[in-house]
Each structure stands twice: as structure tokens, then as C-alpha cells.
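Shown here: my_file_15.csv, CSV, C-alpha atoms and all ligand atoms.
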```csv
chain,number,residue,atom,x,y,z
A,62,MET,CA,10.0,7.1,-9.4
A,63,PHE,CA,9.5,5.9,-5.9
A,64,ILE,CA,9.1,2.3,-4.6
A,65,THR,CA,7.2,2.5,-1.3
A,66,ARG,CA,6.0,-0.1,1.1
A,67,PHE,CA,3.3,-0.8,3.6
A,68,ALA,CA,4.6,-3.1,6.4
A,69,PRO,CA,1.9,-4.1,8.9
A,70,SER,CA,2.2,-6.7,11.5
A,71,PRO,CA,-0.6,-9.3,11.4
A,72,SER,CA,-1.3,-9.0,15.1
A,73,GLY,CA,-4.8,-7.6,14.7
A,74,ARG,CA,-7.1,-6.0,12.2
A,75,LEU,CA,-6.0,-2.8,10.5
A,76,HIS,CA,-7.4,0.5,11.7
A,77,LEU,CA,-7.7,4.0,10.4
A,78,GLY,CA,-4.1,4.8,11.1
A,79,HIS,CA,-3.0,1.9,8.9
A,80,ALA,CA,-5.4,3.1,6.1
A,81,TYR,CA,-3.8,6.6,6.3
A,82,SER,CA,-0.3,5.2,6.0
A,83,ALA,CA,-1.1,2.8,3.2
A,84,ALA,CA,-3.0,5.5,1.3
A,85,ILE,CA,0.0,7.9,1.4
A,86,GLY,CA,2.5,5.1,0.4
A,87,HIS,CA,0.2,4.0,-2.4
A,88,ALA,CA,-0.2,7.6,-3.7
A,89,ARG,CA,3.5,8.5,-3.5
A,90,ALA,CA,4.3,5.4,-5.5
A,91,ARG,CA,1.6,5.8,-8.1
A,92,GLU,CA,2.0,9.6,-8.7
A,93,SER,CA,5.7,9.0,-9.4
A,94,GLY,CA,5.1,6.0,-11.7
A,95,GLY,CA,6.7,3.7,-9.1
A,96,LYS,CA,5.5,0.7,-7.1
A,97,PHE,CA,3.6,0.1,-3.9
A,98,ARG,CA,4.8,-3.0,-2.1
A,99,LEU,CA,3.4,-5.0,0.8
A,100,ARG,CA,5.4,-6.6,3.5
A,101,ILE,CA,3.9,-8.8,6.3
A,102,GLU,CA,5.9,-8.3,9.5
A,103,ASP,CA,5.1,-11.6,11.2
A,104,LEU,CA,8.4,-12.4,13.1
A,105,ASP,CA,6.7,-12.2,16.4
A,106,GLN,CA,5.0,-15.6,16.2
A,107,THR,CA,3.3,-15.2,19.6
A,108,ARG,CA,1.3,-12.2,18.4
A,109,CYS,CA,0.8,-12.8,14.7
A,110,LYS,CA,-2.0,-14.9,13.3
A,111,PRO,CA,-2.7,-16.1,9.7
A,112,GLU,CA,-6.3,-14.8,9.7
A,113,PHE,CA,-4.9,-11.3,10.3
A,114,VAL,CA,-2.8,-11.7,7.1
A,115,ASP,CA,-6.0,-12.4,5.2
A,116,GLY,CA,-7.5,-9.4,6.9
A,117,ILE,CA,-4.7,-7.1,5.6
A,118,PHE,CA,-5.4,-8.2,2.0
A,119,GLU,CA,-9.1,-7.8,2.4
A,120,ASP,CA,-8.8,-4.3,4.0
A,121,LEU,CA,-6.4,-3.0,1.3
A,122,ARG,CA,-8.6,-4.3,-1.4
A,123,TRP,CA,-11.6,-2.6,0.2
A,124,LEU,CA,-9.7,0.7,0.2
A,125,GLY,CA,-8.9,0.2,-3.5
A,126,LEU,CA,-5.1,0.1,-2.8
A,127,ASP,CA,-3.5,-2.4,-5.1
A,128,TRP,CA,0.0,-3.7,-4.4
A,129,GLU,CA,2.9,-5.2,-6.4
A,130,GLU,CA,3.3,-9.0,-6.1
A,131,PRO,CA,5.0,-10.8,-4.6
A,132,VAL,CA,4.2,-9.9,-1.1
A,133,LEU,CA,7.3,-10.2,1.2
A,134,VAL,CA,6.6,-12.3,4.2
A,135,GLN,CA,9.2,-11.9,7.0
A,136,SER,CA,8.8,-15.4,8.4
A,137,GLU,CA,10.1,-16.7,5.1
A,138,ARG,CA,13.3,-14.6,5.1
A,139,THR,CA,15.3,-16.2,7.9
A,140,ALA,CA,18.3,-16.9,5.7
A,141,ALA,CA,18.6,-13.3,4.6
A,142,TYR,CA,18.6,-12.1,8.2
A,143,ALA,CA,21.1,-14.7,9.2
A,144,ASP,CA,23.5,-13.5,6.4
A,145,ALA,CA,23.2,-9.9,7.5
A,146,LEU,CA,23.8,-10.8,11.2
A,147,GLU,CA,26.8,-12.9,10.1
A,148,GLN,CA,28.3,-10.0,8.3
A,149,LEU,CA,28.0,-7.8,11.3
A,150,LYS,CA,29.5,-10.5,13.6
A,151,SER,CA,32.4,-11.0,11.2
A,152,GLU,CA,33.2,-7.4,11.4
A,153,GLY,CA,33.0,-7.5,15.2
A,154,LEU,CA,30.0,-5.2,15.2
A,155,ALA,CA,27.6,-7.6,16.9
A,156,TYR,CA,28.0,-9.2,20.4
A,157,PRO,CA,26.1,-11.8,22.3
A,158,CYS,CA,23.9,-10.5,25.1
A,159,PHE,CA,22.8,-12.7,28.0
A,160,CYS,CA,20.6,-10.1,29.7
A,161,THR,CA,16.9,-10.7,30.0
A,162,ARG,CA,14.4,-7.8,29.9
A,163,ALA,CA,14.2,-7.8,33.7
A,164,ASP,CA,18.0,-7.6,34.0
A,165,ILE,CA,18.1,-4.6,31.8
A,166,ALA,CA,15.2,-2.8,33.5
A,167,GLN,CA,16.9,-3.4,36.9
A,168,SER,CA,20.3,-2.1,35.8
A,169,LEU,CA,19.1,1.1,34.1
A,170,THR,CA,20.0,4.0,36.3
A,171,ALA,CA,17.9,6.6,34.5
A,172,PRO,CA,14.4,6.4,36.0
A,173,HIS,CA,12.7,6.7,32.6
A,174,GLY,CA,15.5,5.0,30.6
A,175,ASP,CA,14.4,3.9,27.2
A,176,ALA,CA,15.4,0.2,26.9
A,177,ALA,CA,15.7,0.6,23.1
A,178,THR,CA,18.5,3.1,23.3
A,179,SER,CA,19.9,2.9,26.8
A,180,TYR,CA,21.1,-0.7,27.2
A,181,PRO,CA,23.8,-0.3,29.8
A,182,GLY,CA,26.3,-2.4,27.9
A,183,THR,CA,26.6,-5.2,30.5
A,184,CYS,CA,27.6,-7.9,27.9
A,185,ARG,CA,29.7,-5.7,25.7
A,186,GLY,CA,33.2,-7.0,25.6
A,187,LEU,CA,32.3,-10.4,27.1
A,188,ALA,CA,32.2,-12.3,23.8
A,189,ASP,CA,35.5,-14.0,24.4
A,190,ASP,CA,34.7,-15.1,27.9
A,191,PRO,CA,34.8,-19.0,27.6
A,192,GLU,CA,31.9,-19.5,29.9
A,193,ARG,CA,29.8,-17.1,27.9
A,194,ARG,CA,30.9,-18.7,24.6
A,195,ALA,CA,29.4,-22.0,25.6
A,196,ALA,CA,26.0,-20.5,26.6
A,197,THR,CA,23.2,-19.6,24.3
A,198,PRO,CA,22.8,-15.8,24.1
A,199,HIS,CA,19.5,-14.2,24.8
A,200,SER,CA,20.1,-11.8,21.9
A,201,TRP,CA,22.7,-10.3,19.6
A,202,ARG,CA,23.3,-6.6,19.9
A,203,LEU,CA,24.9,-4.0,17.8
A,204,ASP,CA,28.2,-2.6,19.2
A,205,SER,CA,27.0,1.0,18.5
A,206,ALA,CA,30.1,2.7,19.8
A,207,LYS,CA,32.3,0.7,17.5
A,208,ALA,CA,30.0,1.1,14.6
A,209,LEU,CA,29.7,4.9,15.0
A,210,GLY,CA,33.4,5.1,15.3
A,211,MET,CA,33.6,3.6,11.8
A,212,THR,CA,30.8,5.5,10.1
A,213,GLY,CA,30.3,8.7,12.0
A,214,LEU,CA,26.8,9.9,12.9
A,215,PRO,CA,24.3,8.8,10.2
A,216,SER,CA,22.0,11.3,8.5
A,217,TRP,CA,18.8,11.0,6.5
A,218,ARG,CA,16.6,13.1,4.2
A,219,GLU,CA,12.8,13.4,4.5
A,220,ALA,CA,10.6,13.6,1.4
A,221,ASP,CA,10.0,17.4,2.0
A,222,GLY,CA,13.8,17.9,1.6
A,223,ALA,CA,14.6,18.4,5.3
A,224,GLU,CA,18.0,16.8,6.3
A,225,PHE,CA,18.6,15.3,9.7
A,226,THR,CA,21.7,14.0,11.4
A,227,ALA,CA,21.3,11.6,14.3
A,228,SER,CA,22.9,12.4,17.7
A,229,GLY,CA,24.9,9.8,19.6
A,230,ARG,CA,22.0,9.5,22.1
A,231,ASP,CA,19.6,8.4,19.4
A,232,ILE,CA,21.5,5.2,18.9
A,233,GLY,CA,22.1,2.5,21.4
A,234,ASP,CA,23.3,-1.1,21.3
A,235,ALA,CA,20.1,-2.2,19.5
A,236,ILE,CA,19.0,-5.8,19.5
A,237,LEU,CA,19.7,-7.4,16.1
A,238,ALA,CA,18.2,-10.9,16.7
A,239,ARG,CA,16.8,-12.9,19.7
A,240,LYS,CA,16.9,-16.5,20.8
A,241,ASP,CA,13.3,-16.7,19.6
A,242,ALA,CA,13.4,-14.4,16.6
A,243,PRO,CA,15.8,-14.5,13.6
A,244,ALA,CA,15.9,-10.7,13.4
A,245,SER,CA,14.8,-7.7,15.3
A,246,TYR,CA,12.5,-5.1,13.8
A,247,HIS,CA,15.5,-2.9,12.9
A,248,LEU,CA,17.5,-5.6,11.2
A,249,SER,CA,14.6,-7.1,9.3
A,250,CYS,CA,13.4,-3.7,8.2
A,251,VAL,CA,16.6,-2.6,6.6
A,252,VAL,CA,17.3,-6.0,5.0
A,253,ASP,CA,13.8,-6.2,3.6
A,254,ASP,CA,13.6,-2.5,2.4
A,255,ALA,CA,16.8,-3.1,0.4
A,256,ALA,CA,15.6,-6.5,-0.9
A,257,SER,CA,12.4,-4.9,-2.1
A,258,GLY,CA,14.2,-2.0,-3.7
A,259,VAL,CA,12.3,0.5,-1.5
A,260,THR,CA,13.4,4.0,-2.2
A,261,MET,CA,10.9,5.9,0.0
A,262,VAL,CA,10.0,4.6,3.5
A,263,VAL,CA,6.6,5.9,4.4
A,264,ARG,CA,5.5,5.4,8.0
A,265,GLY,CA,4.1,7.2,11.0
A,266,ALA,CA,6.1,9.9,12.9
A,267,ASP,CA,5.9,7.5,15.9
A,268,LEU,CA,8.6,5.4,14.1
A,269,ARG,CA,10.9,8.3,13.5
A,270,ALA,CA,13.0,7.3,16.5
A,271,SER,CA,13.9,4.1,14.6
A,272,THR,CA,15.5,5.9,11.7
A,273,PRO,CA,18.9,6.7,13.2
A,274,VAL,CA,19.8,3.1,14.0
A,275,GLN,CA,18.2,1.9,10.8
A,276,ARG,CA,20.4,4.3,8.8
A,277,LEU,CA,23.4,3.1,10.7
A,278,LEU,CA,22.6,-0.5,9.9
A,279,GLN,CA,22.2,0.4,6.2
A,280,ILE,CA,25.6,2.0,6.1
A,281,LEU,CA,27.2,-0.9,7.9
A,282,LEU,CA,25.6,-3.5,5.6
A,283,ASP,CA,26.3,-1.4,2.5
A,284,LEU,CA,22.6,-1.1,1.7
A,285,PRO,CA,21.1,1.8,-0.4
A,286,GLU,CA,19.7,4.9,1.4
A,287,PRO,CA,16.0,5.5,1.0
A,288,VAL,CA,14.3,8.8,1.5
A,289,TYR,CA,11.9,8.9,4.5
A,290,LEU,CA,8.4,10.2,4.8
A,291,HIS,CA,7.3,10.2,8.5
A,292,HIS,CA,3.7,11.3,8.4
A,293,GLN,CA,1.4,12.5,11.1
A,294,ILE,CA,-0.5,9.9,13.0
A,295,VAL,CA,-4.2,9.4,13.4
A,296,ALA,CA,-5.5,9.9,16.9
A,297,HIS,CA,-8.9,10.1,18.6
A,298,GLU,CA,-10.3,13.6,18.8
A,299,GLU,CA,-9.1,14.0,22.4
A,300,GLY,CA,-5.5,13.1,21.5
A,301,ARG,CA,-5.4,9.4,22.4
A,302,ARG,CA,-3.5,7.4,19.9
A,303,LEU,CA,-5.1,4.6,18.0
A,304,ALA,CA,-3.9,1.2,19.1
A,305,LYS,CA,-5.0,-2.3,18.3
A,306,ARG,CA,-5.5,-3.1,21.9
A,307,ASP,CA,-7.4,0.1,22.6
A,308,LEU,CA,-10.4,-1.2,20.5
A,309,ALA,CA,-9.6,1.4,17.7
A,310,PRO,CA,-12.4,1.0,15.1
A,311,THR,CA,-11.2,-1.4,12.6
A,312,LEU,CA,-11.5,-0.9,8.9
A,313,ALA,CA,-13.6,-4.1,8.8
A,314,ALA,CA,-16.1,-2.5,11.2
A,315,MET,CA,-16.1,0.7,9.0
A,316,ARG,CA,-16.8,-1.4,6.0
A,317,ASP,CA,-19.6,-3.2,7.8
A,318,GLY,CA,-21.0,0.2,8.8
A,319,GLY,CA,-21.5,1.0,5.1
A,320,ILE,CA,-18.5,3.3,4.5
A,321,ASP,CA,-17.1,3.3,1.0
A,322,GLY,CA,-13.4,2.2,1.1
A,323,PRO,CA,-12.0,4.1,-2.0
A,324,THR,CA,-13.8,7.3,-1.0
A,325,LEU,CA,-12.3,7.0,2.5
A,326,ALA,CA,-8.8,6.5,1.0
A,327,VAL,CA,-9.1,9.6,-1.1
A,328,GLN,CA,-10.4,11.7,1.8
A,329,LEU,CA,-7.5,10.5,4.0
A,330,LEU,CA,-5.1,11.8,1.4
A,331,THR,CA,-6.6,15.3,1.6
A,332,GLY,CA,-6.4,15.2,5.4
A,333,LEU,CA,-10.1,14.7,5.8
A,334,LEU,CA,-10.8,12.3,8.7
A,335,PRO,CA,-14.0,10.7,9.8
A,336,SER,CA,-15.5,12.6,12.7
A,337,GLY,CA,-14.0,11.7,16.1
A,338,PHE,CA,-10.5,11.5,14.7
A,339,ARG,CA,-7.7,13.9,14.0
A,340,LEU,CA,-4.1,14.0,12.8
A,341,GLN,CA,-1.3,14.8,15.2
A,342,GLU,CA,2.5,14.7,15.5
A,343,ALA,CA,3.6,11.5,17.2
B,401,LIG,N1,5.4,-3.2,11.3
B,401,LIG,C1,5.5,-1.9,11.7
B,401,LIG,C2,4.1,-1.4,12.3
B,401,LIG,O1,3.2,-2.2,12.2
B,401,LIG,C3,5.9,-0.9,10.6
B,401,LIG,C4,7.3,-0.7,10.5
B,401,LIG,C5,7.8,0.3,9.5
B,401,LIG,O2,7.0,0.8,8.7
B,401,LIG,O3,9.0,0.5,9.4
B,401,LIG,O4,4.0,-0.4,12.9
```

What do you get writing this file as C-alpha cells?
Amino acid sequence: MFITRFAPSPSGRLHLGHAYSAAIGHARARESGGKFRLRIEDLDQTRCKPEFVDGIFEDLRWLGLDWEEPVLVQSERTAAYADALEQLKSEGLAYPCFCTRADIAQSLTAPHGDAATSYPGTCRGLADDPERRAATPHSWRLDSAKALGMTGLPSWREADGAEFTASGRDIGDAILARKDAPASYHLSCVVDDAASGVTMVVRGADLRASTPVQRLLQILLDLPEPVYLHHQIVAHEEGRRLAKRDLAPTLAAMRDGGIDGPTLAVQLLTGLLPSGFRLQEA
């Protein structure tokens, strides 16, 4: 019995890639006699809008994908994230960081450094500096070296049975919370998956790179381990990924064009995509 979840951000209307992910999550839950949950990832208040939350409900209904109530709304979960952050701080696993995005970009020596995993560690070890203690940090970061020293390299299992172990390079001093956000994607994701009893995380292969640090956070916070299903992603025929900003055809437009939602959901499950689209690895 699997509890799955669909966790869109209400920063635009849903597109075909969302429908594909939701259809798989819904099917995995239903065929196992489990539950399909919905989570609104609205912590980025500058990009998220209430009308897009309504759009998510409308589009899922149109696809015929029913979900379990209550819907978890991340902007209402600040206290849970603060508790988790506090726990990491109290174990010395989170440190305040005063770097801005620009500072980090400048200090990265690797020409194509990935800011998510290659924070140069400028603020690590400065937590006791009196001047720093008085200032408001820009963010809180995970002390990944210390954490990995406690846990060893995290591993995870995919729904097809494949086992993976992270390498040290997959995990950096990830941001846990920001001055303007009570939790980062990684922290809110693990706290909420656990709170919703999620046992199978269904999401696109483009998010596979998030799994090592999320597994590490689960171990540190003593949260249960879900199984992962990282599915192929929907792309335009010529290989371009669907993106909200790239005017990907929305589900709302497909509905207006006369497409039948439940038929589309069933076709997606068999890997049959509308013409002009294809599935590909991330
Ligand atoms: N909110 C994320 C997205 O829209 C999903 C994150 C997840 O499934 O872990 O891509």
C-alpha cells in the first residue's frame, strides 16, 4: 500500500508534464490500495498566486484524478519547519550563512559550479563570531561534512528495486531556510513527506539530484524512508523541456481545445503522448 503525493508550485498553470507525474502518482496509490495526496508548494511568495492554486484543483479534477483531503499547504506549515531547523541547529548541523547569491557566484572557482552543491563554505565555522551572531543571516545551511560524518553516505531505493548510494559530491551545504522563506525546498519536502505519511515519492527524473540531500535530512531528522519513483519527463518532440515560462501548452488550453481529461490521463499512463511531445530522461 503506497501513499504518494503530487506537489506542484502554484506559480503558473499545470502542463502536460504535471499531468504525467500526477497520473503516475495517482495510479501507484490506487493500484496498491493506498492514497494519493496533494501538496501546494507555495513558499516562494513572490512567484506563487492563489489563482494558480485554484487552477491546480481544476486541472486535476478535469483529469479525473481525485486526491485525499486535507490538502497540505506549505505556507501554513511554518511552525513544523522551524522545529526541524531548530533540531538541526541544536545538534550543530546548521550554520548561519551571510552570503548573497552574488557572493557565492563570485567565489565559486569551478567555471560551471552548481550553486546547490558547491557552496564554498565561506560561513562554515563562523557561527561563534560575535559580530556575525548579532547580524541577521541570509540563510541557514546544512553542515554537510559534519552530517555525513555522523550518518555515512545516504542511500535510497527506486520503485523498480534499484538501489543507489550517494557520493560525497552529490551533497553540499544545502540551504535549509532563508531570511525570506521559513524552509528551503529540501527541508520542507522531507518534513512534509513525513507528515503526510508519504511512502513513495513520485517525481520527474530532473529532481533525482535532490534525493541524496533529502535522504540525508531524513536520516538526521529521524524521518521514515520512502521509496522513490523518478519517472521520465515530458519534452517537446525536438527535446526541449516543458517549462512554465516557455509557454508549454497548459492543461487548461488542452481542455479548451476539446481534449477529454480522463482519456488523456489513461493514455499518459501507457506512455502515449499527444503529438509533438515525447518522454525522455532528464
Ligand atoms: N514543487 C516541485 C515542482 O513543482 C515538486 C517537488 C517534488 O516533487 O519533490 O517541481

Given 6 Å and all atoms listed in the file, residues near ligand LIG 401 (chain B) as a PDB file with C-alpha atoms, in the frame of the given file:
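Contents of the output file result01.pdb:
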```
ATOM      1  CA  ALA A  68       4.600  -3.100   6.400  1.00  0.00           C
ATOM      2  CA  PRO A  69       1.900  -4.100   8.900  1.00  0.00           C
ATOM      3  CA  SER A  70       2.200  -6.700  11.500  1.00  0.00           C
ATOM      4  CA  GLU A 102       5.900  -8.300   9.500  1.00  0.00           C
ATOM      5  CA  ARG A 264       5.500   5.400   8.000  1.00  0.00           C
TER       6      ARG A 264
END
```

Pairwise distance for CA of Asp254 in chain A and CA of Gly73 in chain A, rounded to one decimal in Å: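 A separation of 22.7 Å between them.
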
Distance of CA of Leu126 in chain A from CA of Ile320 in chain A, expressed in Å to one decimal place: 15.6 Å

Nearest candidate to Arg276 in chain A (options A:Leu214, A:Leu303, A:Leu325, A:Ala206; using all atoms listed in the file):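 Under the stated criterion, the closest residue is A:Leu214.
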
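Distance annotation: of A:Val134, A:Ala80, A:Ala227, A:Cys184, the residue with the minimal separation from Asp120 in chain A is A:Ala80; atom set is all atoms listed in the file.
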
Distance criterion (only C-alpha atoms): nearest to Gln341 in chain A out of A:Arg316, A:Arg302, A:His247, A:Arg230: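 Distance minimum relative to Gln341 in chain A lands on A:Arg302.
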
Could you please give me, as an mmCIF file with C-alpha atoms, in the coordinates of the input, the residues of protein, DNA or RNA lying at most 12 Å from (5.9, -5.8, 4.5) in the coordinate frame of the file, considering all atoms listed in the file?
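Writing done, so here's part17.cif:
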```
data_model
loop_
_atom_site.group_PDB
_atom_site.id
_atom_site.type_symbol
_atom_site.label_atom_id
_atom_site.label_comp_id
_atom_site.auth_asym_id
_atom_site.auth_seq_id
_atom_site.Cartn_x
_atom_site.Cartn_y
_atom_site.Cartn_z
ATOM 1 C CA THR A 65 7.200 2.500 -1.300
ATOM 2 C CA ARG A 66 6.000 -0.100 1.100
ATOM 3 C CA PHE A 67 3.300 -0.800 3.600
ATOM 4 C CA ALA A 68 4.600 -3.100 6.400
ATOM 5 C CA PRO A 69 1.900 -4.100 8.900
ATOM 6 C CA SER A 70 2.200 -6.700 11.500
ATOM 7 C CA PRO A 71 -0.600 -9.300 11.400
ATOM 8 C CA ALA A 83 -1.100 2.800 3.200
ATOM 9 C CA PHE A 97 3.600 0.100 -3.900
ATOM 10 C CA ARG A 98 4.800 -3.000 -2.100
ATOM 11 C CA LEU A 99 3.400 -5.000 0.800
ATOM 12 C CA ARG A 100 5.400 -6.600 3.500
ATOM 13 C CA ILE A 101 3.900 -8.800 6.300
ATOM 14 C CA GLU A 102 5.900 -8.300 9.500
ATOM 15 C CA ASP A 103 5.100 -11.600 11.200
ATOM 16 C CA LEU A 104 8.400 -12.400 13.100
ATOM 17 C CA VAL A 114 -2.800 -11.700 7.100
ATOM 18 C CA ILE A 117 -4.700 -7.100 5.600
ATOM 19 C CA PHE A 118 -5.400 -8.200 2.000
ATOM 20 C CA TRP A 128 0.000 -3.700 -4.400
ATOM 21 C CA GLU A 129 2.900 -5.200 -6.400
ATOM 22 C CA GLU A 130 3.300 -9.000 -6.100
ATOM 23 C CA PRO A 131 5.000 -10.800 -4.600
ATOM 24 C CA VAL A 132 4.200 -9.900 -1.100
ATOM 25 C CA LEU A 133 7.300 -10.200 1.200
ATOM 26 C CA VAL A 134 6.600 -12.300 4.200
ATOM 27 C CA GLN A 135 9.200 -11.900 7.000
ATOM 28 C CA SER A 136 8.800 -15.400 8.400
ATOM 29 C CA GLU A 137 10.100 -16.700 5.100
ATOM 30 C CA ARG A 138 13.300 -14.600 5.100
ATOM 31 C CA TYR A 246 12.500 -5.100 13.800
ATOM 32 C CA SER A 249 14.600 -7.100 9.300
ATOM 33 C CA CYS A 250 13.400 -3.700 8.200
ATOM 34 C CA VAL A 251 16.600 -2.600 6.600
ATOM 35 C CA VAL A 252 17.300 -6.000 5.000
ATOM 36 C CA ASP A 253 13.800 -6.200 3.600
ATOM 37 C CA ASP A 254 13.600 -2.500 2.400
ATOM 38 C CA ALA A 255 16.800 -3.100 0.400
ATOM 39 C CA ALA A 256 15.600 -6.500 -0.900
ATOM 40 C CA SER A 257 12.400 -4.900 -2.100
ATOM 41 C CA VAL A 259 12.300 0.500 -1.500
ATOM 42 C CA VAL A 262 10.000 4.600 3.500
ATOM 43 C CA VAL A 263 6.600 5.900 4.400
ATOM 44 C CA ARG A 264 5.500 5.400 8.000
#
```

Residue neighbourhood Asp241 in chain A, 12 Å, all atoms listed in the file, exclusion window fewer than 6 positions, as a ChimeraX atom specification: /A:104-107,139,197-201

Which of A:Thr161, A:Thr260, A:Ser151, A:Ser72 sits closest to Ala90 in chain A [using all atoms listed in the file]: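 So, comparing all the options, the nearest one is A:Thr260.
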
Selection: 12 Å around Gly210 in chain A, only C-alpha atoms, excl. self and same-chain fewer than 4 positions, as a list in words: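 The contact residues come out as Leu154, Asp204, Ser205, Ala206, Leu214, Pro215, Gly229, Leu277 and Leu281 of chain A.
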
Residue nearest Ile85 in chain A - candidates A:Gly322, A:Glu342, A:His291, A:Leu312, atoms counted: only C-alpha atoms: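 Ranked by minimum distance to Ile85 in chain A, first place goes to A:His291.
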
His292 in chain A environment, 12 Å, only C-alpha atoms, sequence neighbours closer than 5 positions dropped, as a PyMOL selection string: chain A and resi 78-79+81-86+219-221+262-269+330+332+340-343

Atoms to include: C-alpha atoms. Write the selected residues as a compact mmCIF listing (two decimals), in the coordinates of the input.
```txt
# COMPACT_ATOMS: atom_id res chain seq x y z
CA GLY A 78 -4.10 4.80 11.10
CA HIS A 79 -3.00 1.90 8.90
CA TYR A 81 -3.80 6.60 6.30
CA SER A 82 -0.30 5.20 6.00
CA ALA A 83 -1.10 2.80 3.20
CA ALA A 84 -3.00 5.50 1.30
CA ILE A 85 0.00 7.90 1.40
CA GLY A 86 2.50 5.10 0.40
CA GLU A 219 12.80 13.40 4.50
CA ALA A 220 10.60 13.60 1.40
CA ASP A 221 10.00 17.40 2.00
CA VAL A 262 10.00 4.60 3.50
CA VAL A 263 6.60 5.90 4.40
CA ARG A 264 5.50 5.40 8.00
CA GLY A 265 4.10 7.20 11.00
CA ALA A 266 6.10 9.90 12.90
CA ASP A 267 5.90 7.50 15.90
CA LEU A 268 8.60 5.40 14.10
CA ARG A 269 10.90 8.30 13.50
CA LEU A 330 -5.10 11.80 1.40
CA GLY A 332 -6.40 15.20 5.40
CA LEU A 340 -4.10 14.00 12.80
CA GLN A 341 -1.30 14.80 15.20
CA GLU A 342 2.50 14.70 15.50
CA ALA A 343 3.60 11.50 17.20
```

Distance in Å - CA of Glu119 in chain A versus CA of Val295 in chain A: 21.0 Å

Give, as lines of an AutoDock Vina configuration file, the centre coordinates and the x, y and z edge lengths in Å to one decimal for an axis-aligned box around all listed atoms of range 135-146 of chain A, padded by 5 Å on each side.
```
center_x = 16.3
center_y = -13.4
center_z = 7.9
size_x = 25.0
size_y = 17.0
size_z = 16.6
```

8 Å contact set for Ala313 in chain A, all atoms listed in the file, chain neighbours under 2 positions out, as a PyMOL selection string: chain A and resi 74-75+120+311+315-317

Counting only C-alpha atoms, the residue of A:Ser245, A:Gln293, A:Thr324, A:Gln148 that sits nearest Ser271 in chain A: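 Using only C-alpha atoms, the shortest distance to Ser271 in chain A belongs to A:Ser245.
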